[in-house]
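Read the structure below first, then the notes.
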Amino acid sequence: MKHTVILLPLVVLIWVFLNGSVYCQGPAVVNIGAIFTFNSVIGRAAKVAMEKAVSDVNADPKILNGTKLTLIPEDANCSAFLGSVGAFQVLEKGVVAIIGPQSSAIAHMISEIANGLQVPLISFAATDPTLSASQFPFFIRSTQSDSYQMAAVADLVDYYEWKEVIAIFVDDDYGRSGIGYLDDELEKRQLKIAYKLPLPIQFDLHNITDMLNKSKLLGPRVYVVHVGPDPRLRIFSIAQQLEMITTNYVWLATDWLSTTLDSFSQMNKTSLRILQGVVGLRQHIPESSQKRAFVSRWRKLLLEGLASSELNTYGFQAYDTVWTVAYSIDKFVKEHGNITFSFNDKLQKIISTEMQMMRTLKVFDNGSRLHDILLKTNFTGLSGQVQFNQDRNLVSGGYDVINIDQMAIHTVGYWSNSSGFSILPQGNLQRDQKNYSRLNQKLNNVTWPGGKTERPRGWVIADDGRPLRIGVPFRASFVEFATKVHNSHDMQGYCIDVFKEALKLVPYDVPYELEPYGDGHLNPSYDGIVKMVQNGVFDAAVGDIAIVTNRTRIVDFSQPYATTGLVIVAPIHNSKSSAWVFLKPFTVEMWCVTAASFVMIAVVIWILEHRVNDDFRGPPRRQLVTMFLFSFSTLFKTNQENTESSLGKMVMVVWLFLLMVITASYTASLTSILTVQQLSSPIAGIDSLIASNWPIGYQVGSFAYSYLADNLYIARSRLIELGSPEEYEKALRKGPKGGGVGAIIDELPYVDLFLSNQTEFGIIGQPFTKSGWGFAFKRGSPLAVDISTAILKLSESGELQKIREKWFCKMGCPGERRQNSEPNQLHMISFWGLYLLCGVFTIGALLVFLLRMVRQFVRYKRQQKKSAPPSPISSKRHCSQVIYSFFDFIDEKEEAIKKMFTQSDNPPGPVG
C-alpha cells in the first residue's frame with residue numbers, strides 16, 4: 001500500500017511530462033500548397049524561388065523548430081477549371097495554406113474553396129483589385145494591387161498633360177478590372193479613356209492586327225497596354241509593322257512588360273529594339289544585401305541549369321510569400337501545438353456519395369487564427385518590407401518608371417502613392433493617403449517613339465475619312481460676324497477669319513467643313529448649337545458664341561478671342577444747345593477756388609506794389625478798381641500796370657504759370673463738351689431699368705434673354721425679341737409709350753456696330769457683365785487647347801486686331817466712333833498741387849513784405865523819439881496811435897521813407 005501511494009503520483013507526473021513534450025514539439029511535417037502555371041513567365045521564376053525558400057526555411061533552426069515544411073505544387077495550366085481541380089488535390093493532402101494562384105480569374109474560383117474550408121489563400125501575383133477582403137475573407141495578396149498601379153498610370157498621363165487614352169487589355173477579370181480602376185483614376189483627374197479595345201483571352205496576331213488598324217482611325221495617340229506577360233511581345237511587334245511606334249505615338253505599359261523583360265536572358269535582349277520609346281512600370285524593390293546575395297545564388301542556378309528564367313519581381317515576392325507562411329505557421333504552432341482538421345457536417349450533407357475526392361475534404365481547425373497571424377506579418381524580405389494593409393494587400397512600395405531606349409532599360413523615376421513622381425526612391429513603405437500636388441512632381445528625360453525627347457502631343461485628327469464638322473451660326477442680322485455667302489456653301493465673317501488664322505498656327509493639318517446652323521431668316525439659338533456639339537452632331541462650333549456658365553458645363557471653350565459684355569442702349573440728345581454749357585468744364589468747387597484765387601492775387605499784388613508803384617496809388621476808389629482790373633486782366637494778358645517790386649514779380653510768375661495751365665485745361669474740356677452727346681434717358685443703369693417696368697429689347701438667339709430672366713429676375717413679359725439693327729432703331733424711336741422699348745440690352749460688339757451709324761442713341765454706363773467669345777469643342781478635345789494657344793499667338797502678334805480692323809474699321813472702329821456718354825469736367829483734385837504752390841509763394845511774399853515793414857516802422861519810431869520829447873499819453877491811447885501810425889507809415893511811398901532815413905543818418909553841419 002505504501003509503494004502504491006508513492007508510484008501513483010510518479011506515473012501521473014511522467015504521463016503529463018510525456019504528453020507536454022509531444023504537444024510542445026509540434027507536428028513533424030506541415031504541408032502548404034502552391035497553385036500556379038509552371039510554364040509561364042511568372043511561373044518559371046516563381047517555382048524555383050518557392051523551392052529555394054522552402055529549402056532555406058527547413059535549413060534555418062530558428063524557425064519551425066524541427067518541423068519540416070513541405071511544398072505541394074499543382075499546375076493550373078492557365079485554366080480556372082484545372083486550377084480548381086488542383087486546389088482540391090492539394091487540400092486533400094492537408095495543407096494549411098495555399099500559395100497562388102498567379103491568375104486573377106483562377107484566384108476568384110479558388111478563393112471560394114478556401115473560404116469554405118477556412119484555408120488561407122495567399123497570392124503573390126493575382127493583382128485584380130476586385131479580389132476584395134469583404135468577398136473573400138481568406139484571400140491575402142502578397143503583391144501590390146492594380147488599384148495602386150492604375151493610380152500610377154493615371155498620374156503618368158496627367159503628368160504629361162494628355163487628356164485621352166486608348167486602353168488595350170485582355171478581356172478577363174484581370175484586364176477588365178484593371179482598366180475599370182484606370183477609368184476611375186483618370187476621371188478623378190478630369191481625364192478619360194476615349195476608347196477601350198479588349199482582346200480575347202487567347203488572342204493571336206490576327207486579333208492584334210485588326211484591333212490596331214481600327215485604332216489608327218481614332219484621334220488619341222496615347223495607348224495604355226494591360227495584358228498578361230508575353231515573351232513574344234506580339235502587340236508591339238505588330239505595332240512596329242503598322243508603323244505605330246513612331247513620332248506622335250505614346251505607348252504606356254503596366255508591369256506585365258517589365259516582368260517579361262526582366263525574365264529575358266541577356267541573349268534575348270535584342271527584342272528591345274521593337275520597344276523603342278515605350279514607357280512602363282515595374283514594382284519597386286529596394287536594393288539590399290539580402291537581395292544581392294539571392295541574385296548571386298540565382299546566377300549559379302542558371303549556370304547549373306536548375307533555373308530556366310531570369311528573376312523578376314514576382315519571383316522575389318514568391319520567395320517572400322513562402323517565408324511569410326513559414327513565420328505564421330511557426331507562431332501558430334507555438335500557440336496551438338498540433339494542426340488538426342475535421343469534417344464539416346453541413347459540407348458532408350451536400351456532397352454526393354459519388355464525389356469521392358470531395359468526401360475526403362476537411363476543414364482546417366483554427367484556420368481563421370492562422371489567417372489573422374498572416375495579416376500581422378512584418379519582416380524585411382527580398383522584395384522589401386513585407387506587411388499587409390487593412391485591405392489585406394501588401395503595403396505598396398511604389399513603382400519604378402522605366403523607359404526603353406537604344407535597346408536598354410532606363411529607370412527615369414519612381415512613383416509612390418504618397419509622394420507621386422520623383423527621381424529618387426521614396427522608401428519602401430508608403431501610406432495610402434495621397435498628399436502631393438502636381439507642382440512638385442519630377443521625372444528624368446524620356447525618349448519617346450521616334451527618338452524624340454519632346455513630349456508627344458498624344459492626339460491627332462481622327463483618320464476616319466471624315467473632316468471635322470464645324471457648325472457656324474447662320475446669322476440674319478449683324479452678318480459681319482458670321483453668315484453664309486449668298487448663293488454659296490461658304491461661310492464668312494469676322495469670327496470665321498479668326499478661326500482660319502488660328503488653324504494656320506496649329507502644328508498639324510485639320511480637315512474641316514463649315515456647316516451653317518439656322519435658316520438665315522432669324523438668328524439661331526446659340527444654346528442649341530452648343531448642345532449639338534455636346535451631342536456629337538458637330539465636332540466644334542465657330543462663331544460669336546459667348547462663354548457663359550451653363551455652356552462651359554457641357555463643352556470646352558477656347559481662349560476668348562474677343563472681350564464682350566452686356567450693355568444698355570437708350571436714346572440720347574446733344575448738349576451743345578445749352579446756354580450755360582461754358583460753365584460745365586469746371587465743377588462748382590473748381591469755379592469757387594479759381595474766383596477766390598483772383599481775389600487773393602489782387603489783394604496781395606496791391607499790398608506789395610502800393611508803396612513803390614504809382615499805378616497802385618491814388619484815391620481809394622481808383623485803387624480798388626485798379627487792384628481787381630489788374631488781377632482779372634492777367635487772364636487775357638491785357639493789363640496796363642506793371643509790377644515793380646521783386647516780391648510782386650515773383651508772385652506774378654507763379655500766378656501766370658497756374659493761369660496758363662488752368663486756361664489750357666478749360667479750353668480742352670469745353671471743346672470736348674461741345675462735341676460730345678449727352679444721355680437724355682432717365683435710365684441711369686441696370687438697376688433703374690429693372691425698376692422702371694419699361695419693355696426691354698434683346699437680340700434673337702442671344703443669351704441675354706436667359707440672363708435677364710433667370711439671373712436678374714426680370715419678368716419675361718417685359719422682354720421683347722428684336723431681330724436686326726433696323727428693328728433696334730424702330731423700337732427705340734417708338735419708346736415704351738408708343739409700343740416700342742425703353743432700352744435694349746445686347747453684347748458690346750453688336751451695340752458698337754449698331755451705334756456706328758446712329759447719332760440719336762448711346763450706351764448708358766459700363767458693361768454690367770464680363771464675358772468673351774470663344775469657339776466650342778467637345779469635352780476633352782485637345783484641339784481646344786491648340787486653338788487657344790494659336791489665339792494667344794494671334795493676339796500677341798497683333799494679327800487679331802488687324803482682322804477686327806478689316807471687318808469693322810473701314811470708316812473708323814465702332815468703339816472709337818461711339819461718343820463718350822459723360823462730360824469731361826475738371827475737378828479740384830487735379831489742380832490742388834498748383835494752387836498749393838501758388839498759395840505758398842503768395843503768402844510767403846506777403847510775410848516777407850510785412851517783416852520788412854515792421855522793421856522799417858520800428859526804426860522810424862526810434863528816430864521820432866530822438867527828435868521829439870516824450871509826452872504823457874495813456875497806454876491804451878498809445879497802442880491805438882501806434883496802429884494808426886503803422887498804417888500811415890505803410891501808406892507812405894517807399895522813396896519818402898528812404899529819404900527820411902537818409903537825412904536822419906546824415907544831419908546838416910553847423911553854419912559859419
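Note on naming: chains are A, B, ... as they come in the C-alpha cells, residues start from 1 per chain, ligands start from 1 in the order shown.
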(request) Using DSSP on the backbone, list every residue of segment 374-585 of chain A that comes out as strand (DSSP E), and give them as a ChimeraX atom specification. (result) /A:378-381,384-387,399-405,408-416,420-422,468-473,483-484,491-492,512-517,540-546,556-557,562-564,566-574
Would you write out, as JSON lines, a table of all residues in segment 83-156 of chain A that have an atom no more than 7 Å from an atom of segment 180-200 of chain A, listing for each the closest atom pair and the distance in Å to one decimal, considering only C-alpha atoms and ordering rows by chain and rising residue number?
```
{"residue": "A:Ser147", "atom": "CA", "partner": "A:Tyr181", "partner_atom": "CA", "distance": 6.2}
{"residue": "A:Met150", "atom": "CA", "partner": "A:Leu182", "partner_atom": "CA", "distance": 4.8}
{"residue": "A:Ala151", "atom": "CA", "partner": "A:Glu185", "partner_atom": "CA", "distance": 5.8}
{"residue": "A:Ala154", "atom": "CA", "partner": "A:Leu186", "partner_atom": "CA", "distance": 5.3}
```
Just to be explicit: take each residue in the selection above, keep N, CA, C and O atoms, and write the result as an mmCIF file, in the first residue's frame.
```
data_model
loop_
_atom_site.group_PDB
_atom_site.id
_atom_site.type_symbol
_atom_site.label_atom_id
_atom_site.label_comp_id
_atom_site.auth_asym_id
_atom_site.auth_seq_id
_atom_site.Cartn_x
_atom_site.Cartn_y
_atom_site.Cartn_z
ATOM 1 N N SER A 147 -4.981 48.509 -58.162
ATOM 2 C CA SER A 147 -5.555 49.822 -57.837
ATOM 3 C C SER A 147 -4.438 50.844 -57.658
ATOM 4 O O SER A 147 -4.587 52.021 -58.032
ATOM 5 N N MET A 150 -2.851 51.454 -61.296
ATOM 6 C CA MET A 150 -3.647 52.307 -62.164
ATOM 7 C C MET A 150 -3.616 53.769 -61.697
ATOM 8 O O MET A 150 -3.732 54.683 -62.508
ATOM 9 N N ALA A 151 -3.440 53.984 -60.403
ATOM 10 C CA ALA A 151 -3.242 55.354 -59.927
ATOM 11 C C ALA A 151 -1.922 55.907 -60.467
ATOM 12 O O ALA A 151 -1.834 57.088 -60.835
ATOM 13 N N ALA A 154 -2.469 56.718 -64.186
ATOM 14 C CA ALA A 154 -3.256 57.955 -64.320
ATOM 15 C C ALA A 154 -2.399 59.175 -64.004
ATOM 16 O O ALA A 154 -2.495 60.216 -64.677
#
```
(request) Choose the residue, out of A:Ile529, A:Val250, A:Leu851, A:Ala105, that has the smallest atom-to-atom separation from Ala167 of chain A; count only C-alpha atoms. (result)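 Counting only C-alpha atoms, the residue closest to Ala167 of chain A is A:Val250.
For segment 387-400 of chain A, the set of protein, DNA and RNA residues having any atom at most 7 Å away, when counting only C-alpha atoms and skipping those fewer than 2 positions along the same chain, is Ala133, Ile140, Arg141, Ser142, Thr143, Gln144, Ser145, Leu281, Arg282, Gln283, His284, Leu375, Thr377, Asn378, Gln385, Ile402, Thr411, Gly413, Tyr414, Trp415, Ser416, Asn417, Asn428, Leu429 and Gln430 of chain A.
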(message) My list of candidates is A:Pro507, A:Val363, A:Met828, A:Leu522. Which is closest to Val593 of chain A when distances are computed with only C-alpha atoms?
(response)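 Of A:Pro507, A:Val363, A:Met828, A:Leu522, the one nearest Val593 of chain A, counting only C-alpha atoms, is A:Met828.
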(message) Env of Ser788 of chain A: 6 Å cut, atoms = only C-alpha atoms, seq-sep filter 2 positions within chain, self excluded. Answer as number ranges by chain.
(response) A: 558-559, 785-786, 790-791
Restricting the output to C-alpha atoms, write the selected residues as a PDB file, in the first residue's frame.
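Final output, saved to part26.pdb:
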```
ATOM      1  CA  SER A 558     -11.083  78.017 -76.497  1.00  0.00           C
ATOM      2  CA  GLN A 559      -9.325  81.083 -75.178  1.00  0.00           C
ATOM      3  CA  VAL A 785      -6.004  73.650 -76.221  1.00  0.00           C
ATOM      4  CA  ASP A 786      -4.133  74.035 -79.522  1.00  0.00           C
ATOM      5  CA  ALA A 790      -2.978  79.852 -81.521  1.00  0.00           C
ATOM      6  CA  ILE A 791      -5.396  82.623 -80.446  1.00  0.00           C
TER       7      ILE A 791
END
```
(request) Just give me the gap between atom CA of Ser55 of chain A and atom CA of Lys300 of chain A in Å, one decimal is fine. (result)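 Computing the Euclidean distance for atom CA of Ser55 of chain A and atom CA of Lys300 of chain A yields 16.0 Å.
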